[in-house]
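Everything below belongs to work.tsv, which stores TSV, C-alpha atoms.
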```
chain	number	residue	atom	x	y	z
A	99	MET	CA	40.24	11.49	-7.49
A	100	VAL	CA	37.37	9.98	-9.48
A	101	PHE	CA	35.66	13.26	-10.45
A	102	LYS	CA	38.79	15.34	-10.91
A	103	ARG	CA	39.47	16.64	-14.42
A	104	ARG	CA	42.49	15.25	-16.20
A	105	VAL	CA	43.17	18.62	-17.83
A	106	LYS	CA	42.58	21.59	-15.54
A	107	ARG	CA	40.52	24.38	-17.08
A	108	SER	CA	41.73	27.97	-17.12
A	109	TYR	CA	39.60	30.72	-15.58
A	110	GLY	CA	38.73	31.92	-19.08
A	111	GLN	CA	37.46	28.47	-20.05
A	112	ILE	CA	35.37	28.28	-16.87
A	113	VAL	CA	33.71	31.62	-17.66
A	114	VAL	CA	33.09	30.73	-21.31
A	115	GLN	CA	31.69	27.27	-20.51
A	116	THR	CA	29.45	28.79	-17.83
A	117	VAL	CA	27.86	31.05	-20.45
A	118	TYR	CA	27.98	28.45	-23.22
A	119	PRO	CA	28.81	24.90	-22.11
A	120	ARG	CA	30.76	22.52	-24.30
A	121	GLY	CA	28.39	20.96	-26.80
A	122	GLY	CA	25.83	23.75	-26.41
A	123	TRP	CA	22.85	24.25	-24.13
A	124	LEU	CA	20.80	21.69	-26.07
A	125	ARG	CA	23.26	18.96	-25.14
A	126	ALA	CA	23.42	20.27	-21.57
A	127	GLY	CA	19.63	20.15	-21.36
A	128	SER	CA	19.59	16.58	-22.67
A	129	TYR	CA	22.16	15.62	-20.05
A	130	ILE	CA	20.04	17.13	-17.27
A	131	ILE	CA	16.95	15.23	-18.45
A	132	HIS	CA	19.01	12.03	-18.62
A	133	ARG	CA	20.25	12.57	-15.07
A	134	LEU	CA	16.74	13.29	-13.79
A	135	ARG	CA	15.39	10.04	-15.25
A	136	ARG	CA	18.14	7.97	-13.64
A	137	ILE	CA	17.68	9.33	-10.10
A	138	PRO	CA	16.81	6.32	-7.88
A	139	ASP	CA	13.63	7.66	-6.31
A	140	LYS	CA	9.87	7.61	-6.80
A	141	PRO	CA	8.63	9.58	-9.83
A	142	HIS	CA	6.40	11.89	-7.80
A	143	ARG	CA	9.29	12.85	-5.50
A	144	ILE	CA	11.52	13.61	-8.46
A	145	ALA	CA	8.75	15.69	-10.07
A	146	ARG	CA	8.29	17.66	-6.84
A	147	GLY	CA	12.01	18.37	-6.78
A	148	VAL	CA	11.80	19.63	-10.37
A	149	PHE	CA	8.95	21.94	-9.39
A	150	ALA	CA	10.93	23.35	-6.45
A	151	GLY	CA	14.07	23.97	-8.51
A	152	ILE	CA	12.23	25.71	-11.33
A	153	PHE	CA	10.04	27.81	-9.03
A	154	VAL	CA	13.01	29.09	-7.00
A	155	SER	CA	14.82	30.04	-10.22
A	156	PHE	CA	12.25	32.81	-10.76
A	157	THR	CA	13.15	34.59	-7.50
A	158	PRO	CA	15.65	37.46	-7.14
A	159	PHE	CA	17.75	35.62	-4.54
A	160	PHE	CA	20.75	35.09	-6.79
A	161	GLY	CA	23.47	33.00	-5.19
A	162	MET	CA	20.95	31.28	-2.92
A	163	HIS	CA	18.91	29.34	-5.50
A	164	LEU	CA	20.51	26.00	-4.63
A	165	LEU	CA	19.93	26.44	-0.91
A	166	LEU	CA	16.35	27.63	-1.39
A	167	ALA	CA	15.58	24.82	-3.86
A	168	ALA	CA	16.90	22.23	-1.40
A	169	GLY	CA	14.83	23.71	1.44
A	170	MET	CA	11.64	23.92	-0.61
A	171	SER	CA	12.14	20.40	-1.97
A	172	TRP	CA	12.52	19.07	1.57
A	173	ALA	CA	9.39	20.94	2.69
A	174	ILE	CA	7.18	19.48	-0.05
A	175	GLY	CA	8.69	15.98	0.01
A	176	GLY	CA	10.68	16.30	-3.20
A	177	ASN	CA	13.99	14.84	-4.31
A	178	LEU	CA	16.99	17.00	-3.38
A	179	VAL	CA	19.14	16.12	-6.41
A	180	ALA	CA	16.23	16.79	-8.80
A	181	SER	CA	15.66	20.22	-7.27
A	182	LEU	CA	19.32	21.17	-7.64
A	183	LEU	CA	19.41	20.03	-11.26
A	184	ALA	CA	16.19	21.91	-12.04
A	185	THR	CA	17.70	25.25	-10.92
A	186	LEU	CA	19.83	25.09	-14.07
A	187	ILE	CA	16.81	26.38	-15.96
A	188	SER	CA	18.08	29.73	-14.71
A	189	ASN	CA	21.23	30.16	-16.80
A	190	PRO	CA	22.94	32.95	-18.76
A	191	LEU	CA	20.61	32.36	-21.72
A	192	THR	CA	17.40	32.57	-19.69
A	193	PHE	CA	18.49	35.23	-17.14
A	194	PRO	CA	17.48	38.16	-19.36
A	195	PHE	CA	13.97	36.83	-19.99
A	196	ILE	CA	13.40	35.83	-16.35
A	197	MET	CA	14.65	39.13	-14.93
A	198	GLU	CA	13.01	41.51	-17.37
A	199	GLY	CA	9.76	39.56	-17.54
A	200	SER	CA	9.40	39.16	-13.77
A	201	VAL	CA	10.27	42.78	-12.96
A	202	GLY	CA	7.93	44.07	-15.66
A	203	LEU	CA	5.06	41.90	-14.48
A	204	GLY	CA	5.70	42.84	-10.85
A	205	ASN	CA	5.65	46.56	-11.61
A	206	TYR	CA	2.41	46.06	-13.53
A	207	ILE	CA	0.84	44.27	-10.56
A	208	LEU	CA	2.05	47.03	-8.21
A	209	HIS	CA	0.82	49.75	-10.62
A	210	GLN	CA	4.31	51.18	-11.05
A	211	PRO	CA	6.07	52.36	-14.23
A	212	GLY	CA	7.21	49.28	-16.13
A	213	ASP	CA	10.06	50.70	-18.22
A	214	MET	CA	12.66	48.49	-16.54
A	215	HIS	CA	14.74	47.01	-19.35
A	216	LEU	CA	17.50	44.49	-18.68
A	217	GLY	CA	20.39	46.95	-18.62
A	218	ARG	CA	18.64	49.16	-16.11
A	219	ILE	CA	17.76	46.21	-13.87
A	220	VAL	CA	21.36	44.98	-13.81
A	221	GLY	CA	22.53	48.53	-13.17
A	222	GLN	CA	20.22	48.86	-10.18
A	223	PHE	CA	21.58	45.59	-8.76
A	224	GLY	CA	25.09	46.99	-9.08
A	225	ARG	CA	24.32	50.43	-7.61
A	226	ALA	CA	22.45	48.96	-4.65
A	227	SER	CA	25.29	46.52	-3.92
A	228	ALA	CA	27.87	49.30	-4.14
A	229	GLU	CA	25.85	51.51	-1.80
A	230	VAL	CA	25.56	48.70	0.76
A	231	ALA	CA	29.34	48.20	0.65
A	232	THR	CA	29.91	51.94	1.04
A	233	ASN	CA	27.60	52.08	4.04
A	234	ILE	CA	29.40	49.18	5.69
A	235	ARG	CA	32.64	51.14	5.40
A	236	ALA	CA	30.83	54.22	6.70
A	237	ILE	CA	29.95	52.36	9.90
A	238	VAL	CA	33.63	51.67	10.53
A	239	LEU	CA	34.74	55.21	9.60
A	240	ASN	CA	31.77	56.87	11.31
A	241	ASP	CA	30.74	58.57	8.05
A	242	PRO	CA	27.16	59.42	7.02
A	243	MET	CA	25.26	56.66	5.25
A	244	HIS	CA	23.03	56.99	2.20
A	245	TRP	CA	20.27	54.59	1.14
A	246	GLN	CA	18.78	56.24	-1.96
A	247	HIS	CA	19.90	53.55	-4.41
A	248	VAL	CA	18.91	50.73	-2.04
A	249	ASP	CA	15.45	52.23	-1.50
A	250	TYR	CA	14.89	52.63	-5.23
A	251	PHE	CA	16.18	49.10	-5.88
A	252	LEU	CA	13.83	47.57	-3.30
A	253	ALA	CA	10.79	49.50	-4.53
A	254	HIS	CA	11.29	49.16	-8.30
A	255	VAL	CA	13.39	46.02	-8.80
A	256	PHE	CA	13.52	43.60	-5.86
A	257	TRP	CA	9.87	43.58	-4.74
A	258	PRO	CA	8.52	43.66	-8.31
A	259	PHE	CA	10.92	40.82	-9.19
A	260	LEU	CA	9.80	38.79	-6.17
A	261	ILE	CA	6.08	39.37	-6.79
A	262	GLY	CA	6.22	39.14	-10.59
A	263	GLY	CA	8.30	35.96	-10.48
A	264	LEU	CA	5.59	34.07	-8.60
A	265	VAL	CA	3.35	33.78	-11.67
A	266	PRO	CA	5.88	32.42	-14.21
A	267	GLY	CA	7.53	30.43	-11.42
A	268	LEU	CA	4.27	28.61	-10.74
A	269	ILE	CA	3.47	28.17	-14.43
A	270	PHE	CA	6.88	26.78	-15.42
A	271	GLY	CA	7.26	24.88	-12.15
A	272	LEU	CA	3.95	23.06	-12.59
A	273	SER	CA	4.79	22.45	-16.26
A	274	GLY	CA	8.06	20.87	-15.19
A	275	TYR	CA	6.22	18.75	-12.62
A	276	TYR	CA	3.59	17.40	-15.02
A	277	LEU	CA	6.15	16.82	-17.79
A	278	SER	CA	8.75	15.08	-15.64
A	279	LEU	CA	6.28	12.86	-13.75
A	280	PRO	CA	5.22	10.64	-16.70
A	281	LEU	CA	8.69	10.86	-18.26
A	282	VAL	CA	10.43	9.50	-15.16
A	283	ALA	CA	7.67	6.93	-14.52
A	284	ALA	CA	7.88	5.61	-18.09
A	285	TYR	CA	11.68	5.42	-17.96
A	286	GLN	CA	11.69	3.56	-14.65
A	287	LYS	CA	9.01	1.16	-15.89
A	288	ARG	CA	10.98	0.44	-19.06
A	289	ARG	CA	14.18	-0.02	-17.09
A	290	SER	CA	12.47	-2.43	-14.66
A	291	LYS	CA	11.10	-4.43	-17.59
A	292	LYS	CA	14.57	-4.72	-19.11
A	293	LEU	CA	15.93	-5.90	-15.78
A	294	ARG	CA	13.16	-8.52	-15.43
A	295	ASP	CA	13.73	-9.72	-18.98
A	296	ARG	CA	17.44	-10.07	-18.29
A	297	ILE	CA	16.78	-12.06	-15.12
A	298	GLU	CA	14.33	-14.34	-16.93
A	299	LYS	CA	16.85	-14.87	-19.70
A	300	LEU	CA	19.53	-15.86	-17.19
A	301	ARG	CA	17.13	-18.24	-15.46
A	302	ALA	CA	16.22	-19.82	-18.78
A	303	MET	CA	19.90	-20.31	-19.63
A	304	ARG	CA	20.57	-21.92	-16.24
A	305	ALA	CA	17.56	-24.22	-16.64
A	306	LYS	CA	18.74	-25.21	-20.09
A	307	ASN	CA	22.17	-26.07	-18.67
A	308	GLY	CA	20.67	-28.26	-15.98
A	309	GLY	CA	20.57	-25.75	-13.18
A	310	GLY	CA	24.10	-24.47	-13.61
A	311	PRO	CA	27.14	-24.50	-15.85
A	312	LYS	CA	28.30	-27.95	-16.97
A	313	ALA	CA	31.50	-29.22	-15.42
A	314	THR	CA	34.43	-29.25	-17.80
A	315	PRO	CA	36.13	-32.66	-17.87
A	316	ARG	CA	39.64	-32.61	-16.47
A	317	SER	CA	42.52	-33.86	-18.51
A	318	PRO	CA	44.20	-37.01	-17.14
A	319	ASP	CA	47.56	-35.25	-17.39
A	320	ALA	CA	46.42	-32.26	-15.36
A	321	PRO	CA	47.86	-32.10	-11.81
A	322	GLU	CA	45.44	-32.86	-9.03
A	323	GLU	CA	44.26	-29.92	-6.97
A	324	GLU	CA	45.54	-29.71	-3.46
A	325	GLY	CA	42.81	-29.68	-0.92
```
Any chance you could give the structure as structure tokens?
Amino acid sequence: MVFKRRVKRSYGQIVVQTVYPRGGWLRAGSYIIHRLRRIPDKPHRIARGVFAGIFVSFTPFFGMHLLLAAGMSWAIGGNLVASLLATLISNPLTFPFIMEGSVGLGNYILHQPGDMHLGRIVGQFGRASAEVATNIRAIVLNDPMHWQHVDYFLAHVFWPFLIGGLVPGLIFGLSGYYLSLPLVAAYQKRRSKKLRDRIEKLRAMRAKNGGGPKATPRSPDAPEEEG
């Protein structure tokens, strides 16, 4: 297959390169920008896709960012590929800042205690998930169900995250839009100019050669072509 790796990565390498990709995040970021510029679409559609991908990355719907980014990009007339690439702004290096900042801001807006540090937020995600799994088993075994951890998670983590993420999501999403729009437009304009210059150069060469390549004289000893 064309996109298949020649050397298969181990599970350990996959985990390590997810947290810290080969070449570093700076190189990964440069690659993403390069890919965004080369998307064959109108600059404003690409910029809208970037906005959608970044905005969705500030929501607590982990595992659904790609699907949500694609849906939002379609709704606002953005480019699908650009939206998927832009979700990479939410990565293991930025997760802590996005989570802690959004939850803290959300609790402030809701006038709730804002002492939710990263470890506590992650712990609440884990406890709520474990309680949901336990309650699913309880339905099968007809055991009593408990929702204390889920209730606390919704009130102090999920809703604050969702509400608090709207502000930085809009700020960074609009920043991505207004930065990518001229960047993509300038790249496409420069690329079109290079293509026009190349075409003009080829036309000039053909005109210089009399409208086409000169015929090479055939040697008298060469065998005649069969027609």
**Item:** Computed interatomic separation between CA of Phe259 (chain A) and CA of Glu198 (chain A) (Å)
**Value:** 8.5 Å
**Prompt:** Counting all atoms listed in the file, what is within 12 Å of Pro138 (chain A), bar same-chain residues fewer than 3 positions away, as an MDAnalysis selection string?
**Reply:** chainID A and resid 133:135 141:144 177:180 282:283 285:286 289:290
**Prompt:** From the set A:Trp257, A:Leu203, A:Trp172, A:Pro211, which residue has the shortest atom-to-atom contact distance to Phe159 (chain A), counting only C-alpha atoms?
**Reply:**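 When distances to Phe159 (chain A) are compared using only C-alpha atoms, the smallest one comes from A:Trp257.
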**Asked** Could you work out how far CA of Pro266 (chain A) lies from CA of Asp249 (chain A), giving the answer in Å with one decimal?
**Response**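 That distance, rounded to one decimal, is 25.4 Å.
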**Distance of CA of Met214 (chain A) from CA of Phe270 (chain A), expressed in Å to one decimal place** =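 Interatomic distance, CA of Phe270 (chain A) to CA of Met214 (chain A): 22.5 Å.
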**Asked** Using all atoms listed in the file, which of A:Ala284, A:Ser188, A:Phe251, A:His215 sits nearest Val230 (chain A)?
**Response**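 Closest candidate: A:Phe251.
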**Item:** Shell of 12 Å around Leu166 (chain A), only C-alpha atoms, local chain residues under 2 positions omitted, as a ChimeraX atom specification
**Value:** /A:147,150-164,168-173,178,181-182,185
**Message:** Excluding Gln210 (chain A) and its own-chain neighbours fewer than 6 positions away, which residues fall within 12 Å of it when counting only C-alpha atoms? Please give them as a list in words.
**Reply:**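 Listing them by chain and then by number gives Val201, Gly202, Leu203, Gly204, Ala253, His254, Val255, Trp257 and Pro258 of chain A.
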Just to be explicit: take each residue in the selection above, keep C-alpha atoms, and write the result as a PDB file, keeping the file's coordinate frame.
```
ATOM      1  CA  VAL A 201      10.270  42.780 -12.960  1.00  0.00           C
ATOM      2  CA  GLY A 202       7.930  44.070 -15.660  1.00  0.00           C
ATOM      3  CA  LEU A 203       5.060  41.900 -14.480  1.00  0.00           C
ATOM      4  CA  GLY A 204       5.700  42.840 -10.850  1.00  0.00           C
ATOM      5  CA  ALA A 253      10.790  49.500  -4.530  1.00  0.00           C
ATOM      6  CA  HIS A 254      11.290  49.160  -8.300  1.00  0.00           C
ATOM      7  CA  VAL A 255      13.390  46.020  -8.800  1.00  0.00           C
ATOM      8  CA  TRP A 257       9.870  43.580  -4.740  1.00  0.00           C
ATOM      9  CA  PRO A 258       8.520  43.660  -8.310  1.00  0.00           C
TER      10      PRO A 258
END
```
